[in-house]
Each structure stands twice: as C-alpha cells, then as structure tokens.
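Okay, model15.cif now, which holds mmCIF, C-alpha atoms:
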```cif
data_run
loop_
_atom_site.label_atom_id
_atom_site.label_comp_id
_atom_site.auth_asym_id
_atom_site.auth_seq_id
_atom_site.Cartn_x
_atom_site.Cartn_y
_atom_site.Cartn_z
CA MET A 1101 72.95 7.34 -16.09
CA ALA A 1102 71.07 4.22 -16.74
CA LYS A 1103 68.06 4.62 -18.90
CA ILE A 1104 64.92 3.11 -17.53
CA LYS A 1105 63.24 1.40 -20.39
CA LYS A 1106 59.52 1.45 -20.38
CA THR A 1107 58.02 -1.92 -21.02
CA ASN A 1108 55.73 -1.85 -23.93
CA LYS A 1109 52.42 -3.00 -22.55
CA PRO A 1110 49.88 -4.14 -25.08
CA GLU A 1111 46.72 -2.13 -24.77
CA THR A 1112 43.51 -4.04 -24.30
CA MET A 1113 40.60 -2.68 -26.24
CA ILE A 1114 37.23 -3.91 -27.25
CA PRO A 1115 36.51 -3.12 -30.86
CA THR A 1116 33.46 -0.89 -30.86
CA ALA A 1117 33.22 -0.24 -34.55
CA SER A 1118 30.84 -3.12 -35.20
CA MET A 1119 28.76 -2.50 -32.10
CA SER A 1120 26.16 -0.51 -34.01
CA ASP A 1121 25.88 -3.28 -36.57
CA ILE A 1122 24.97 -5.73 -33.82
CA ALA A 1123 22.51 -3.31 -32.28
CA PHE A 1124 20.85 -2.65 -35.61
CA LEU A 1125 20.66 -6.35 -36.30
CA LEU A 1126 18.86 -6.95 -33.01
CA LEU A 1127 16.65 -3.95 -33.65
CA LEU A 1128 15.69 -5.20 -37.08
CA PHE A 1129 14.96 -8.66 -35.69
CA PHE A 1130 12.58 -7.31 -33.08
CA MET A 1131 10.92 -4.95 -35.55
CA VAL A 1132 10.31 -7.77 -37.99
CA SER A 1133 9.22 -10.39 -35.48
CA THR A 1134 6.82 -8.17 -33.55
CA VAL A 1135 3.22 -8.87 -34.39
CA PHE A 1136 0.66 -6.38 -33.25
CA VAL A 1137 -2.78 -7.57 -32.34
CA ARG A 1138 -5.13 -6.53 -35.05
CA GLU A 1139 -8.33 -7.64 -33.41
CA LYS A 1140 -9.90 -4.95 -31.30
CA GLY A 1141 -12.40 -7.02 -29.37
CA LEU A 1142 -14.15 -5.70 -26.32
CA PRO A 1143 -12.68 -4.29 -23.13
CA VAL A 1144 -12.69 -7.11 -20.61
CA ARG A 1145 -11.09 -7.78 -17.26
CA MET A 1146 -10.13 -11.41 -17.31
CA PRO A 1147 -10.26 -13.59 -14.23
CA ARG A 1148 -7.10 -14.94 -12.64
CA ALA A 1149 -6.14 -18.59 -12.46
CA ALA A 1150 -3.08 -20.56 -11.40
CA SER A 1151 -3.09 -23.75 -13.46
CA ILE A 1152 -3.19 -22.15 -16.87
CA GLU A 1153 -1.60 -23.47 -20.01
CA LYS A 1154 -0.49 -21.80 -23.20
CA ILE A 1155 -3.08 -21.66 -25.94
CA PRO A 1156 -1.72 -22.29 -29.44
CA ARG A 1157 -2.04 -19.12 -31.47
CA THR A 1158 -2.93 -20.88 -34.69
CA HIS A 1159 -6.43 -22.36 -34.91
CA SER A 1160 -7.66 -20.25 -32.03
CA SER A 1161 -10.62 -17.98 -32.42
CA THR A 1162 -11.38 -15.51 -29.69
CA ILE A 1163 -14.87 -14.90 -28.40
CA TYR A 1164 -15.15 -11.71 -26.39
CA VAL A 1165 -17.92 -11.42 -23.85
CA ASN A 1166 -18.07 -8.27 -21.79
CA ARG A 1167 -19.80 -7.73 -18.48
CA ASN A 1168 -23.00 -6.54 -20.14
CA GLY A 1169 -23.27 -9.78 -22.08
CA ILE A 1170 -22.25 -8.37 -25.45
CA ILE A 1171 -20.58 -11.05 -27.56
CA SER A 1172 -17.99 -10.21 -30.19
CA ILE A 1173 -16.39 -12.64 -32.62
CA ASP A 1174 -13.89 -11.26 -35.15
CA ASP A 1175 -14.98 -7.74 -34.20
CA PHE A 1176 -18.59 -8.48 -35.11
CA VAL A 1177 -21.17 -8.23 -32.39
CA VAL A 1178 -23.29 -11.36 -32.49
CA SER A 1179 -26.32 -12.48 -30.55
CA ILE A 1180 -26.39 -15.78 -28.66
CA PRO A 1181 -28.35 -17.80 -31.28
CA ASP A 1182 -25.95 -16.61 -34.01
CA VAL A 1183 -22.88 -17.98 -32.23
CA ARG A 1184 -23.71 -21.43 -33.53
CA TRP A 1185 -23.68 -20.39 -37.21
CA VAL A 1186 -20.58 -18.26 -36.88
CA MET A 1187 -18.64 -21.02 -35.17
CA GLN A 1188 -19.93 -23.64 -37.62
CA LYS A 1189 -18.62 -21.54 -40.48
CA LYS A 1190 -15.26 -21.12 -38.76
CA LEU A 1191 -15.10 -24.83 -38.05
CA SER A 1192 -15.68 -25.64 -41.71
CA GLU A 1193 -12.68 -23.46 -42.56
CA ASP A 1194 -10.46 -24.88 -39.86
CA PHE A 1195 -11.14 -28.34 -38.51
CA ASN A 1196 -8.83 -27.88 -35.51
CA LEU A 1197 -10.60 -24.79 -34.26
CA LEU A 1198 -10.18 -23.76 -30.65
CA ALA A 1199 -12.69 -21.42 -29.12
CA CYS A 1200 -11.04 -19.03 -26.67
CA PHE A 1201 -13.20 -17.11 -24.30
CA ARG A 1202 -12.15 -13.67 -23.24
CA THR A 1203 -14.88 -13.06 -20.79
CA ASP A 1204 -15.13 -10.38 -18.17
CA LYS A 1205 -15.00 -11.85 -14.69
CA GLU A 1206 -18.20 -10.07 -13.70
CA THR A 1207 -20.26 -11.61 -16.49
CA ASN A 1208 -23.25 -13.69 -15.49
CA TYR A 1209 -22.59 -17.37 -15.99
CA GLY A 1210 -25.98 -17.81 -17.66
CA ILE A 1211 -24.74 -16.09 -20.82
CA MET A 1212 -21.63 -18.28 -20.84
CA SER A 1213 -23.77 -21.35 -20.36
CA ASP A 1214 -25.87 -20.37 -23.38
CA ILE A 1215 -22.79 -19.75 -25.52
CA LEU A 1216 -21.28 -23.08 -24.46
CA ASN A 1217 -24.49 -24.80 -25.51
CA GLN A 1218 -24.27 -23.02 -28.86
CA LEU A 1219 -20.69 -24.24 -29.26
CA ARG A 1220 -21.80 -27.78 -28.54
CA GLU A 1221 -24.49 -27.44 -31.21
CA ALA A 1222 -21.86 -26.15 -33.62
CA ASN A 1223 -19.61 -29.09 -32.68
CA ALA A 1224 -16.82 -26.71 -31.64
CA LEU A 1225 -15.92 -28.70 -28.58
CA ARG A 1226 -12.42 -27.58 -27.73
CA VAL A 1227 -12.78 -24.61 -25.48
CA TYR A 1228 -10.34 -22.45 -23.57
CA PHE A 1229 -11.21 -19.96 -20.89
CA GLU A 1230 -8.58 -17.29 -21.01
CA ALA A 1231 -7.22 -16.11 -17.72
CA LYS A 1232 -4.35 -14.15 -16.32
CA LEU A 1233 -1.72 -15.83 -14.22
CA LYS A 1234 -2.46 -15.58 -10.54
CA ARG A 1235 0.46 -14.26 -8.53
CA MET B 650 53.26 29.10 -56.66
CA PHE B 651 49.73 27.81 -56.54
CA ARG B 652 48.29 27.41 -53.22
CA ARG B 653 46.04 24.46 -52.89
CA LYS B 654 42.66 25.23 -51.40
CA ARG B 655 41.97 23.12 -48.44
CA LYS B 656 38.64 21.37 -48.78
CA ASP B 657 36.67 20.32 -45.72
CA MET B 658 35.80 16.70 -45.87
CA GLY B 659 32.09 16.21 -45.25
CA GLY B 660 31.35 13.39 -42.89
CA ILE B 661 28.67 11.99 -40.67
CA PRO B 662 29.82 11.43 -37.08
CA THR B 663 29.50 7.73 -36.49
CA ALA B 664 30.63 7.64 -32.89
CA SER B 665 27.13 8.10 -31.50
CA MET B 666 25.53 5.78 -34.01
CA SER B 667 25.57 2.86 -31.59
CA ASP B 668 23.92 5.04 -28.93
CA VAL B 669 21.07 5.79 -31.29
CA ALA B 670 20.76 2.16 -32.27
CA PHE B 671 20.75 0.98 -28.66
CA LEU B 672 18.17 3.59 -27.74
CA LEU B 673 15.86 2.36 -30.47
CA LEU B 674 16.57 -1.23 -29.47
CA VAL B 675 15.73 -0.60 -25.84
CA PHE B 676 12.57 1.22 -26.85
CA PHE B 677 11.34 -1.68 -28.95
CA LEU B 678 12.40 -4.23 -26.36
CA SER B 679 10.44 -2.53 -23.64
CA THR B 680 7.35 -1.66 -25.66
CA THR B 681 6.92 -4.98 -27.43
CA LYS B 682 4.30 -7.08 -25.75
CA PHE B 683 3.81 -10.53 -27.11
CA ASP B 684 0.21 -11.57 -27.13
CA ILE B 685 0.59 -14.97 -25.53
CA LYS B 686 -2.77 -16.45 -24.77
CA LYS B 687 -3.06 -18.47 -21.63
CA GLY B 688 -6.06 -20.15 -20.19
CA LEU B 689 -7.88 -23.19 -18.91
CA GLY B 690 -8.73 -25.78 -21.50
CA ILE B 691 -11.66 -28.14 -21.53
CA VAL B 692 -13.39 -30.32 -24.08
CA LEU B 693 -17.14 -30.04 -24.21
CA PRO B 694 -19.32 -33.11 -24.65
CA ALA B 695 -20.90 -33.53 -28.06
CA VAL B 696 -24.62 -32.99 -28.40
CA ALA B 697 -26.43 -36.25 -27.77
CA GLN B 698 -27.51 -37.88 -30.99
CA ALA B 699 -30.58 -40.08 -31.25
CA ASP B 700 -28.51 -43.21 -31.82
CA MET B 701 -26.17 -42.49 -28.93
CA LYS B 702 -26.47 -44.57 -25.84
CA LYS B 703 -26.42 -42.70 -22.63
CA VAL B 704 -23.90 -43.98 -20.16
CA LYS B 705 -25.16 -43.91 -16.67
CA LEU B 706 -22.49 -43.03 -14.20
CA LYS B 707 -22.37 -44.81 -10.92
CA ASP B 708 -23.02 -42.55 -8.01
CA GLU B 709 -19.72 -43.42 -6.37
CA ASN B 710 -17.85 -42.25 -9.48
CA LEU B 711 -19.53 -38.89 -9.63
CA THR B 712 -18.83 -35.77 -7.65
CA LYS B 713 -20.95 -32.72 -8.23
CA VAL B 714 -19.54 -29.30 -7.54
CA TRP B 715 -22.24 -26.71 -7.35
CA ILE B 716 -21.61 -22.98 -7.26
CA ASP B 717 -24.51 -20.81 -6.23
CA LYS B 718 -25.05 -17.19 -7.18
CA GLU B 719 -23.03 -15.90 -4.23
CA GLY B 720 -20.05 -18.06 -5.18
CA GLN B 721 -20.62 -20.53 -2.37
CA VAL B 722 -19.29 -24.00 -3.24
CA THR B 723 -21.15 -27.17 -2.41
CA VAL B 724 -19.55 -30.54 -3.07
CA ILE B 725 -21.95 -33.46 -3.44
CA SER B 726 -20.15 -36.77 -3.33
CA GLY B 727 -21.61 -40.14 -2.48
CA GLY B 728 -24.91 -38.59 -1.47
CA VAL B 729 -23.32 -36.26 1.07
CA ASP B 730 -23.66 -32.49 0.64
CA GLU B 731 -20.86 -30.40 2.00
CA GLN B 732 -20.49 -26.65 1.83
CA ILE B 733 -16.84 -25.69 1.67
CA PRO B 734 -14.97 -22.44 1.08
CA MET B 735 -13.38 -21.98 -2.35
CA ASN B 736 -9.83 -22.26 -1.02
CA GLN B 737 -10.48 -25.74 0.35
CA LEU B 738 -11.91 -27.06 -2.91
CA GLU B 739 -8.55 -28.10 -4.32
CA ALA B 740 -7.64 -30.22 -1.28
CA LYS B 741 -11.10 -31.78 -1.24
CA ILE B 742 -11.02 -32.71 -4.94
CA LYS B 743 -7.47 -33.99 -4.61
CA ARG B 744 -8.58 -36.32 -1.82
CA LEU B 745 -11.52 -37.60 -3.86
CA VAL B 746 -9.43 -38.14 -7.00
CA THR B 747 -6.64 -40.01 -5.23
CA GLN B 748 -9.21 -42.24 -3.55
CA ASN B 749 -10.93 -43.00 -6.84
CA PRO B 750 -9.08 -42.24 -10.10
CA ASP B 751 -12.26 -42.85 -12.10
CA MET B 752 -14.00 -39.97 -10.35
CA VAL B 753 -15.84 -37.63 -12.66
CA ILE B 754 -16.13 -34.06 -11.44
CA SER B 755 -19.23 -32.32 -12.67
CA LEU B 756 -19.09 -28.56 -12.29
CA LYS B 757 -22.42 -26.83 -12.23
CA THR B 758 -22.79 -23.10 -11.84
CA ASP B 759 -25.85 -21.02 -11.14
CA ARG B 760 -26.93 -18.86 -14.08
CA LYS B 761 -26.87 -15.79 -11.86
CA SER B 762 -23.39 -16.55 -10.58
CA LYS B 763 -20.35 -14.66 -11.81
CA TYR B 764 -18.09 -16.18 -14.47
CA GLN B 765 -15.17 -15.50 -12.16
CA PHE B 766 -16.34 -18.13 -9.65
CA MET B 767 -16.64 -20.77 -12.35
CA VAL B 768 -13.10 -20.08 -13.57
CA MET B 769 -11.80 -20.15 -10.00
CA ALA B 770 -13.46 -23.51 -9.33
CA LEU B 771 -12.33 -24.98 -12.66
CA ASP B 772 -8.80 -23.80 -11.92
CA LYS B 773 -8.87 -25.50 -8.52
CA ILE B 774 -10.31 -28.72 -9.92
CA GLN B 775 -7.70 -28.87 -12.69
CA ALA B 776 -4.92 -28.05 -10.22
CA ALA B 777 -6.12 -30.94 -8.04
CA GLY B 778 -5.29 -33.29 -10.88
CA ALA B 779 -8.83 -34.29 -11.83
CA GLU B 780 -8.80 -35.64 -15.37
CA LYS B 781 -12.48 -36.18 -15.95
CA ILE B 782 -14.19 -32.84 -15.65
CA SER B 783 -17.55 -32.02 -17.10
CA LEU B 784 -19.20 -28.65 -17.31
CA SER B 785 -22.90 -28.89 -16.73
CA THR B 786 -24.97 -26.35 -18.52
CA ASN B 787 -28.37 -25.40 -17.32
#
```
Have the structure of the file written as structure tokens, please.
Amino acid sequence: MAKIKKTNKPETMIPTASMSDIAFLLLLFFMVSTVFVREKGLPVRMPRAASIEKIPRTHSSTIYVNRNGIISIDDFVVSIPDVRWVMQKKLSEDFNLLACFRTDKETNYGIMSDILNQLREANALRVYFEAKLKR
Amino acid sequence: MFRRKRKDMGGIPTASMSDVAFLLLVFFLSTTKFDIKKGLGIVLPAVAQADMKKVKLKDENLTKVWIDKEGQVTVISGGVDEQIPMNQLEAKIKRLVTQNPDMVISLKTDRKSKYQFMVMALDKIQAAGAEKISLSTN
C-alpha cells in the first residue's frame, strides 16, 4: 500500500512574547507625557464658537470669570481694579504674555469690558476668548 | 539508591501579562484628556498716549456692530442702521468686507448684554474674513 505522505506545512504564527513589552512601552509613554491641569480656576460654562484657533500653551495666562462676576487669576480671586497690577506683574515676567479668558457665557459683558480696559492699561494686549468648538 | 526530591519550580505566569498591560494602556488612553485651549484671538488697542495722534476713520471704512442687552444685532454701515438676526451677521459682514477690504468692524456690546452674544458675534465676524476688528469698550 502506498503511503500518503503528509506535506509539511510551515505554521504561521505571530510572536506574542514581546507584545507586553510594546504595551508597556506605550503605557509608559502615555503616563509620562500626560500633564494634569494643576490650576483649579472657577467652574464656568464656556460659550461655543466655530472659527476658533489653538492657543499656545506657553505664555498663556488664564483669567477665569464666572457668571457672578468673580475673577480668578492663578487661583487668586482678584477685584477688577487689581487685574491691572496682576497682569502688569505677569507681563514683566513674560513679555509674550497672552491673556486667555475663561468666562461663563452668562456673564454680563460690562464686567468683561472693565477687565479688557484693565488689560489695556496693563499693556497686555493679546487676548483670547476661550470657547468650545461648535458642532 | 537515593531518590532525588522533585522541586517545584516557582514561576510567575507571564501569559496574561500582556492582557494586564493592555488593560492599563486602554485605561490611560481613555481617561487622558489633553487640555488644549482653543479660542478667538484679538489684539486690543493700546491706551492712547498724550503724544499719540488720533486717526480719524472715514465713515465709509467703518462698520459698527452693536449688540443690545437682548442680543439683538444692529449693523451701522454708511449711516444706515439695520437690525439683523445673529445668523445673518456673517453673510452681511462678508459682503461688506469683500466690497471694501479696508473696512474696520467695530464691535460694541451693551454692558448688560451676555458675554455669550459678544463671542457669537466675534466668531461670526472673524469667520466672515474681517481682518480689522476692534472691540469697543464702554
């Protein structure tokens, strides 16, 4: 009787031994590169806008204004006339300062107008109004 | 004859190691939220100094956009007042800017108006391609 020879088929296998190394590498990368926001600020609901641009993280200083008109810079509550001195001090430390407003959408514009005037007095003229992307 | 004692080899099972790693990876991937700031940028005018000369704008190069406390938009251009809804502001400004590239858009908002309306209007004006925008403070 003729013997039927089995053809030796090469088995295809993906090596899984180094899979965990890759996973851990990715994990470590994300753990290291994640930066948590340290500033607490004030709870605000930002307005929505369509034509928004990215604000450079460096040089930007966030001014929180909530719906009751409370202003917070660097987690310090400041009054409207103090904004000028605070921003002047920041500007002396960083010439390319950007003032970013995180203002609640229900805030009265009068307060914003006063703060903007204070920024003009402080010569901090580059201003961003933070907004969420409108969908 | 001495019988050799069989010793159990201690070992950590490494088969599920990748599962654990992937679980952690997925957790960090899904919980990480990058704090990317996005917003509308504008440069404020400097405070007028005593030695500065004031530049008077010609009326035909100036469009005033006025937002009242209810969020109603009025566009004043070339001496004509026109009340328009917010969603038509972009088209209106676009028309004015293409007609006259030197057009300065002055956005003025009522003190009792909501900040939201100002951002909406500024968004529309910037989307319309206006390059010269000024924020009037009052």
> Any idea which chain A residues end up within 8 Å of chain B if we count all atoms listed in the file, as a PyMOL selection string please?
Replying inline: chain A and resi 1119-1121+1123-1124+1126-1127+1130-1131+1134-1135+1137+1147-1157+1203-1214+1216-1217+1220-1221+1223+1225-1233
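Shortest atom-to-atom contact with Cys1200 (chain A) among A:Ile1163, A:Met1187, A:Val1132, A:Ile1171: A:Ile1163, counting only C-alpha atoms.
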Emit as lines of an AutoDock Vina configuration file the padded axis-aligned box for all listed atoms of region 1197-1211 of chain A, 5 Å per side, with centre and edge lengths in Å to one decimal.
```
center_x = -18.1
center_y = -17.4
center_z = -24.0
size_x = 25.8
size_y = 24.7
size_z = 30.6
```
>> Is it possible to get the residues within 9 Å of (-13.5, -25.9, -4.0) (coordinates as in the file, counting all atoms listed in the file) written as a list of chain:residue names?
In response: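 Output of the proximity query reads B:Val714, B:Val722, B:Thr723, B:Val724, B:Ile733, B:Pro734, B:Met735, B:Asn736, B:Gln737, B:Leu738, B:Glu739, B:Ala740, B:Lys741, B:Ile742, B:Met769, B:Ala770, B:Leu771, B:Lys773, B:Ile774.
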>> Given the point (-13.3, -34.9, -16.8) in the file's coordinates, find the residues that have an atom at most 8 Å from it, counting all atoms listed in the file, and give them as number ranges by chain.
In response: B: 753-755, 779-783
Expected file contents, prior selection, C-alpha atoms, as a compact mmCIF listing (two decimals), in the frame of the given file:
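File written: out.txt
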```txt
# COMPACT_ATOMS: atom_id res chain seq x y z
CA VAL B 753 -15.84 -37.63 -12.66
CA ILE B 754 -16.13 -34.06 -11.44
CA SER B 755 -19.23 -32.32 -12.67
CA ALA B 779 -8.83 -34.29 -11.83
CA GLU B 780 -8.80 -35.64 -15.37
CA LYS B 781 -12.48 -36.18 -15.95
CA ILE B 782 -14.19 -32.84 -15.65
CA SER B 783 -17.55 -32.02 -17.10
```
I would like the residues chosen by the PyMOL selection byres ((chain A and resi 1173) around 10) on the shown file; could you give them as a short mmCIF file (atom, residue, chain, number, x, y, z; two decimals) with C-alpha atoms, keeping the file's coordinate frame?
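selection-v3.cif written:
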```
data_model
loop_
_atom_site.label_atom_id
_atom_site.label_comp_id
_atom_site.auth_asym_id
_atom_site.auth_seq_id
_atom_site.Cartn_x
_atom_site.Cartn_y
_atom_site.Cartn_z
CA GLU A 1139 -8.33 -7.64 -33.41
CA GLY A 1141 -12.40 -7.02 -29.37
CA LEU A 1142 -14.15 -5.70 -26.32
CA SER A 1161 -10.62 -17.98 -32.42
CA THR A 1162 -11.38 -15.51 -29.69
CA ILE A 1163 -14.87 -14.90 -28.40
CA TYR A 1164 -15.15 -11.71 -26.39
CA VAL A 1165 -17.92 -11.42 -23.85
CA ILE A 1171 -20.58 -11.05 -27.56
CA SER A 1172 -17.99 -10.21 -30.19
CA ASP A 1174 -13.89 -11.26 -35.15
CA ASP A 1175 -14.98 -7.74 -34.20
CA PHE A 1176 -18.59 -8.48 -35.11
CA VAL A 1177 -21.17 -8.23 -32.39
CA VAL A 1178 -23.29 -11.36 -32.49
CA VAL A 1183 -22.88 -17.98 -32.23
CA VAL A 1186 -20.58 -18.26 -36.88
CA MET A 1187 -18.64 -21.02 -35.17
CA PHE A 1201 -13.20 -17.11 -24.30
#
```
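Between CA of Ser1118 (chain A) and CA of Pro662 (chain B) the separation is 14.7 Å.
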Could you write region 703-720 of chain B as a PDB file, keeping the file's coordinate frame, with N, CA, C and O atoms rebuilt where they are missing?
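This is the output file result08.pdb:
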```
ATOM      1  N   LYS B 703     -26.847 -43.474 -23.794  1.00  0.00           N
ATOM      2  CA  LYS B 703     -26.420 -42.700 -22.630  1.00  0.00           C
ATOM      3  C   LYS B 703     -25.747 -43.633 -21.628  1.00  0.00           C
ATOM      4  O   LYS B 703     -26.245 -44.716 -21.334  1.00  0.00           O
ATOM      5  N   VAL B 704     -24.624 -43.184 -21.157  1.00  0.00           N
ATOM      6  CA  VAL B 704     -23.900 -43.980 -20.160  1.00  0.00           C
ATOM      7  C   VAL B 704     -24.272 -43.439 -18.789  1.00  0.00           C
ATOM      8  O   VAL B 704     -24.110 -42.254 -18.514  1.00  0.00           O
ATOM      9  N   LYS B 705     -24.798 -44.326 -18.025  1.00  0.00           N
ATOM     10  CA  LYS B 705     -25.160 -43.910 -16.670  1.00  0.00           C
ATOM     11  C   LYS B 705     -23.953 -44.067 -15.763  1.00  0.00           C
ATOM     12  O   LYS B 705     -23.357 -45.142 -15.680  1.00  0.00           O
ATOM     13  N   LEU B 706     -23.631 -42.976 -15.113  1.00  0.00           N
ATOM     14  CA  LEU B 706     -22.490 -43.030 -14.200  1.00  0.00           C
ATOM     15  C   LEU B 706     -22.938 -43.571 -12.856  1.00  0.00           C
ATOM     16  O   LEU B 706     -24.036 -43.292 -12.390  1.00  0.00           O
ATOM     17  N   LYS B 707     -22.065 -44.340 -12.284  1.00  0.00           N
ATOM     18  CA  LYS B 707     -22.370 -44.810 -10.920  1.00  0.00           C
ATOM     19  C   LYS B 707     -22.204 -43.634  -9.974  1.00  0.00           C
ATOM     20  O   LYS B 707     -21.344 -42.782 -10.163  1.00  0.00           O
ATOM     21  N   ASP B 708     -23.029 -43.663  -8.960  1.00  0.00           N
ATOM     22  CA  ASP B 708     -23.020 -42.550  -8.010  1.00  0.00           C
ATOM     23  C   ASP B 708     -21.671 -42.393  -7.306  1.00  0.00           C
ATOM     24  O   ASP B 708     -21.259 -41.282  -6.987  1.00  0.00           O
ATOM     25  N   GLU B 709     -20.997 -43.526  -7.087  1.00  0.00           N
ATOM     26  CA  GLU B 709     -19.720 -43.420  -6.370  1.00  0.00           C
ATOM     27  C   GLU B 709     -18.605 -42.863  -7.248  1.00  0.00           C
ATOM     28  O   GLU B 709     -17.555 -42.498  -6.753  1.00  0.00           O
ATOM     29  N   ASN B 710     -18.859 -42.807  -8.576  1.00  0.00           N
ATOM     30  CA  ASN B 710     -17.850 -42.250  -9.480  1.00  0.00           C
ATOM     31  C   ASN B 710     -18.152 -40.808  -9.874  1.00  0.00           C
ATOM     32  O   ASN B 710     -17.540 -40.289 -10.801  1.00  0.00           O
ATOM     33  N   LEU B 711     -19.125 -40.238  -9.233  1.00  0.00           N
ATOM     34  CA  LEU B 711     -19.530 -38.890  -9.630  1.00  0.00           C
ATOM     35  C   LEU B 711     -19.501 -37.942  -8.439  1.00  0.00           C
ATOM     36  O   LEU B 711     -20.054 -38.229  -7.376  1.00  0.00           O
ATOM     37  N   THR B 712     -18.832 -36.830  -8.652  1.00  0.00           N
ATOM     38  CA  THR B 712     -18.830 -35.770  -7.650  1.00  0.00           C
ATOM     39  C   THR B 712     -19.392 -34.515  -8.299  1.00  0.00           C
ATOM     40  O   THR B 712     -18.947 -34.119  -9.375  1.00  0.00           O
ATOM     41  N   LYS B 713     -20.384 -33.950  -7.684  1.00  0.00           N
ATOM     42  CA  LYS B 713     -20.950 -32.720  -8.230  1.00  0.00           C
ATOM     43  C   LYS B 713     -20.413 -31.530  -7.449  1.00  0.00           C
ATOM     44  O   LYS B 713     -20.406 -31.547  -6.215  1.00  0.00           O
ATOM     45  N   VAL B 714     -19.974 -30.542  -8.180  1.00  0.00           N
ATOM     46  CA  VAL B 714     -19.540 -29.300  -7.540  1.00  0.00           C
ATOM     47  C   VAL B 714     -20.522 -28.226  -7.981  1.00  0.00           C
ATOM     48  O   VAL B 714     -20.678 -27.963  -9.177  1.00  0.00           O
ATOM     49  N   TRP B 715     -21.199 -27.683  -7.039  1.00  0.00           N
ATOM     50  CA  TRP B 715     -22.240 -26.710  -7.350  1.00  0.00           C
ATOM     51  C   TRP B 715     -21.851 -25.334  -6.815  1.00  0.00           C
ATOM     52  O   TRP B 715     -21.445 -25.206  -5.662  1.00  0.00           O
ATOM     53  N   ILE B 716     -21.932 -24.340  -7.682  1.00  0.00           N
ATOM     54  CA  ILE B 716     -21.610 -22.980  -7.260  1.00  0.00           C
ATOM     55  C   ILE B 716     -22.891 -22.161  -7.329  1.00  0.00           C
ATOM     56  O   ILE B 716     -23.513 -22.070  -8.397  1.00  0.00           O
ATOM     57  N   ASP B 717     -23.285 -21.612  -6.217  1.00  0.00           N
ATOM     58  CA  ASP B 717     -24.510 -20.810  -6.230  1.00  0.00           C
ATOM     59  C   ASP B 717     -24.201 -19.368  -6.605  1.00  0.00           C
ATOM     60  O   ASP B 717     -23.061 -19.026  -6.915  1.00  0.00           O
ATOM     61  N   LYS B 718     -25.242 -18.537  -6.625  1.00  0.00           N
ATOM     62  CA  LYS B 718     -25.050 -17.190  -7.180  1.00  0.00           C
ATOM     63  C   LYS B 718     -24.145 -16.302  -6.333  1.00  0.00           C
ATOM     64  O   LYS B 718     -23.632 -15.310  -6.813  1.00  0.00           O
ATOM     65  N   GLU B 719     -23.952 -16.681  -5.072  1.00  0.00           N
ATOM     66  CA  GLU B 719     -23.030 -15.900  -4.230  1.00  0.00           C
ATOM     67  C   GLU B 719     -21.596 -16.416  -4.327  1.00  0.00           C
ATOM     68  O   GLU B 719     -20.707 -15.868  -3.702  1.00  0.00           O
ATOM     69  N   GLY B 720     -21.386 -17.501  -5.069  1.00  0.00           N
ATOM     70  CA  GLY B 720     -20.050 -18.060  -5.180  1.00  0.00           C
ATOM     71  C   GLY B 720     -19.746 -19.103  -4.121  1.00  0.00           C
ATOM     72  O   GLY B 720     -18.610 -19.519  -3.960  1.00  0.00           O
TER      73      GLY B 720
END
```
